[in-house]
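Comments concern the structure below.
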Amino acid sequence: MSHSSSSSSSSSSSSPTSEDEVQVEVNDEINDPGEEMMLCMLELSRKIHESSESSNEIRRRRRFIQRNREAGHLRLVNDYFSASPVYQDHIFRRRFRMRRELFLHIVNALEANSMYFQLKNDAARRKGLSPLQKCTAAIRQLAYGVPADHLDEYLRMGESTAIKCLFKFCQNVVEIFGDRYLRRPNADDIQRLLQMHEEKHKFPGMLGSLDCMHWQWKNCPVAWKGQFTRGHGSPTIVLEAVASQDLWIWHAFFGVAGSRNDINVLYESPIFNNILQGNVPEINFTVNGTHYTKGYYLTDGIYPEWATFVKAFPCPEDPKRRLFKERQESARKDVERAFGVLQSRWAIVRGPARYWYRKKLKYIMLTCIILHNMIVEDEGCNVTNWSNDEGDEPAQPVQGSNRGFHDYLRRNSELRDSEVHHQLRADLVEHIWTEYNNN
């Protein structure tokens with residue numbers, strides 16, 4: 001008995017010693033600063049991971065809003081497209097910027113050529129947004145320049161859907177109508193332009209007026225603001241355009257950084273590519289007894305003295321030159337009027353651009369120009385034939401050769417001939433003086 005008790009007491013006395021040794025070893029491991037920091041970091045990362053998973057579950061929940069898009073479609077049809085609409089033609093023209101027939105023509109073309117603008121059922125077998133709702137959302141954003149969620153109450157359309165409608169509308173309008181309404185003047189167009197400008201402005205051989213317009217870019221990336229900003233202003237993107245007397249825009253070159261002036265834009269512009277390649281229709285006219293074979297554009301004083309430009313005199317003192325300066329500046333206002341009508345009709349290009357990508361801004365600008373030309377054609381004197389949508393025939397590619405290269409250099413030299421520029425302007429001075437004295 002004494003032996004067992006002594007053994008048990010000895011075992012009990014020895015076990016605390018081993019536990020104390022283990023506790024000391026553990027404490028020694030925890031007291032290591034590197035291990036303690038690692039354990040804290042692991043615990044912190046575990047808590048962050050758990051909180052992010054819970055927050056992701058909260059964010060993944062989509063807030064569904066029952067907008068009743070069918071009621072929005074019926075309201076739109078009753079207001080504008082029924083047999084007896086609430087709002088008559090003049091109100092439709094003011095709010096949609098065009099006649100109802102032209103708008104329906106655009107809607108039908110988009111519906112026939114794009115799957116996005118076709119009426120389809122969703123996964124719940126409910127009808128989606130109608131083509132009228134999508135096109136109306138895009139037109140309202142272009143016409144009024146309003147934010148996308150401004151259309152939610154009336155059209156029952158979410159903000160992201162309205163933005164997508166705008167981009168899809170612009171892309172499809174450029175693809176479907178761009179060949180016709182952004183075409184270069186063909187032979188018939190050139191003859192009509194020459195006759196119109198000679199009758200209206202007394203300038204024989206005039207093809208139009210050339211100038212540039214700046215569109216402010218509100219959301220320009222910070223890394224690009226230097227090259228898109230002139231002086232201490234805001235970032236802008238340049239549009240170079242040629243307009244005729246009837247405000248049709250025949251040439252549109254968009255996307256150059258706003259820090260460049262009109263001459264820099266001209267050197268990048270494809271406005272004279274057809275002339276240099278020899279694909280331009282033949283032009284012949286006579287001024288003051290001199291025969292010319294190239295049309296010209298009216299420009300302001302910054303443009304170079306080329307054979308295809310006619311500029312006014314800076315400070316004329318001769319009565320003939322003063323009269324020519326007045327008539328040239330008056331006729332050159334065609335492109336300024338076209339810019340004014342374009343910005344007044346489509347407010348999205350009048351205010352700052354709110355989108356990030358230049359490609360989307362280019363689609364928006366080209367769409368506004370195409371719709372502008374469609375309205376000019378629809379409301380002009382000429383009867384519109386919607387079945388004939390063919391534009392100018394595409395130019396055939398010319399294989400490179402020494403003779404072709406020499407022809408290119410010869411055309412380039414003729415295009416930049418300053419002697420022809422001064423001779424043409426002197427002949428126009430005499431022509432304008434004779435015309436207005438006779439009248």
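Letters for chains follow the order of the structure tokens (A, B, ...), residue numbers begin at 1 for each chain, and ligand numbers begin at 1 in the order shown.
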Handout entry: Test item: residues at most 9 Å from region 202-210 of chain A, only C-alpha atoms, excluding those fewer than 6 positions along its chain, as a ChimeraX atom specification
Key = /A:190,193-195,240-245,250-251,283-287,292-300,309,327-328,331-336,428,431-432,435-436
Please produce, as a Markdown table, a per-residue contact table for region 284-371 of chain A versus region 88-106 of chain A (criterion: any atom at most 9 Å away, only C-alpha atoms considered), showing the nearest atom pair and its distance in Å to one decimal, sorted by chain then residue number.
```
| residue | atom | partner | partner_atom | distance |
| --- | --- | --- | --- | --- |
| A:Arg345 | CA | A:Arg97 | CA | 6.6 |
| A:Trp346 | CA | A:Arg97 | CA | 8.3 |
| A:Leu371 | CA | A:Met98 | CA | 8.8 |
```
Handout entry: DSSP-assigned strand (DSSP E) members of region 74-246 of chain A, reported as a ChimeraX atom specification
Key = /A:206-216,236-243
Using only N, CA, C and O atoms, please write the residues we just selected to a file, as a compact mmCIF listing (two decimals), in the first residue's frame.
```
# COMPACT_ATOMS: atom_id res chain seq x y z
N MET A 206 -18.64 76.63 -107.16
CA MET A 206 -18.61 76.43 -105.72
C MET A 206 -19.27 75.10 -105.36
O MET A 206 -20.39 74.82 -105.78
N LEU A 207 -18.57 74.29 -104.54
CA LEU A 207 -19.10 73.01 -104.08
C LEU A 207 -19.66 73.08 -102.67
O LEU A 207 -20.45 72.20 -102.29
N GLY A 208 -19.29 74.06 -101.88
CA GLY A 208 -19.77 74.17 -100.52
C GLY A 208 -18.84 75.02 -99.68
O GLY A 208 -17.91 75.66 -100.19
N SER A 209 -19.10 75.01 -98.38
CA SER A 209 -18.29 75.76 -97.42
C SER A 209 -17.66 74.79 -96.43
O SER A 209 -18.31 73.84 -95.98
N LEU A 210 -16.41 75.05 -96.08
CA LEU A 210 -15.63 74.15 -95.22
C LEU A 210 -15.27 74.86 -93.92
O LEU A 210 -14.82 76.02 -93.94
N ASP A 211 -15.48 74.15 -92.80
CA ASP A 211 -15.10 74.70 -91.50
C ASP A 211 -15.08 73.57 -90.47
O ASP A 211 -15.45 72.43 -90.78
N CYS A 212 -14.68 73.91 -89.24
CA CYS A 212 -14.57 72.93 -88.16
C CYS A 212 -15.43 73.36 -86.98
O CYS A 212 -15.67 74.55 -86.75
N MET A 213 -15.87 72.37 -86.21
CA MET A 213 -16.67 72.58 -85.00
C MET A 213 -16.09 71.72 -83.88
O MET A 213 -15.63 70.60 -84.12
N HIS A 214 -16.11 72.25 -82.65
CA HIS A 214 -15.58 71.53 -81.50
C HIS A 214 -16.74 71.03 -80.63
O HIS A 214 -17.70 71.77 -80.38
N TRP A 215 -16.62 69.78 -80.16
CA TRP A 215 -17.59 69.18 -79.25
C TRP A 215 -16.88 68.91 -77.93
O TRP A 215 -15.91 68.17 -77.89
N GLN A 216 -17.36 69.53 -76.87
CA GLN A 216 -16.71 69.39 -75.56
C GLN A 216 -16.85 67.96 -75.06
O GLN A 216 -17.92 67.35 -75.14
N THR A 236 -11.91 68.89 -76.02
CA THR A 236 -12.87 68.88 -77.12
C THR A 236 -12.41 67.92 -78.20
O THR A 236 -11.24 67.55 -78.27
N ILE A 237 -13.36 67.54 -79.06
CA ILE A 237 -13.10 66.73 -80.24
C ILE A 237 -13.59 67.52 -81.45
O ILE A 237 -14.65 68.17 -81.40
N VAL A 238 -12.85 67.47 -82.54
CA VAL A 238 -13.09 68.33 -83.69
C VAL A 238 -13.91 67.58 -84.75
O VAL A 238 -13.66 66.40 -85.02
N LEU A 239 -14.86 68.29 -85.32
CA LEU A 239 -15.62 67.83 -86.48
C LEU A 239 -15.32 68.76 -87.64
O LEU A 239 -15.54 69.98 -87.55
N GLU A 240 -14.80 68.21 -88.75
CA GLU A 240 -14.62 68.97 -89.99
C GLU A 240 -15.75 68.61 -90.93
O GLU A 240 -16.03 67.42 -91.14
N ALA A 241 -16.40 69.62 -91.51
CA ALA A 241 -17.57 69.37 -92.33
C ALA A 241 -17.62 70.33 -93.51
O ALA A 241 -17.08 71.44 -93.46
N VAL A 242 -18.28 69.87 -94.57
CA VAL A 242 -18.58 70.67 -95.75
C VAL A 242 -20.09 70.70 -95.89
O VAL A 242 -20.74 69.64 -95.89
N ALA A 243 -20.67 71.89 -95.98
CA ALA A 243 -22.12 72.05 -96.10
C ALA A 243 -22.44 72.88 -97.33
O ALA A 243 -21.68 73.78 -97.71
```
Handout entry: Residues near Glu153 (chain A), cut-off 9 Å, only C-alpha atoms, skip fewer than 4 positions along chain, as a PyMOL selection string
Key = chain A and resi 67+72+149+157
Closest pair table for region 275-390 of chain A residues within 8 Å of region 219-226 of chain A, only C-alpha atoms, as JSON lines:
```
{"residue": "A:Ala353", "atom": "CA", "partner": "A:Asn219", "partner_atom": "CA", "distance": 7.0}
{"residue": "A:Arg354", "atom": "CA", "partner": "A:Asn219", "partner_atom": "CA", "distance": 5.6}
{"residue": "A:Tyr355", "atom": "CA", "partner": "A:Asn219", "partner_atom": "CA", "distance": 6.1}
{"residue": "A:Trp356", "atom": "CA", "partner": "A:Asn219", "partner_atom": "CA", "distance": 5.7}
```
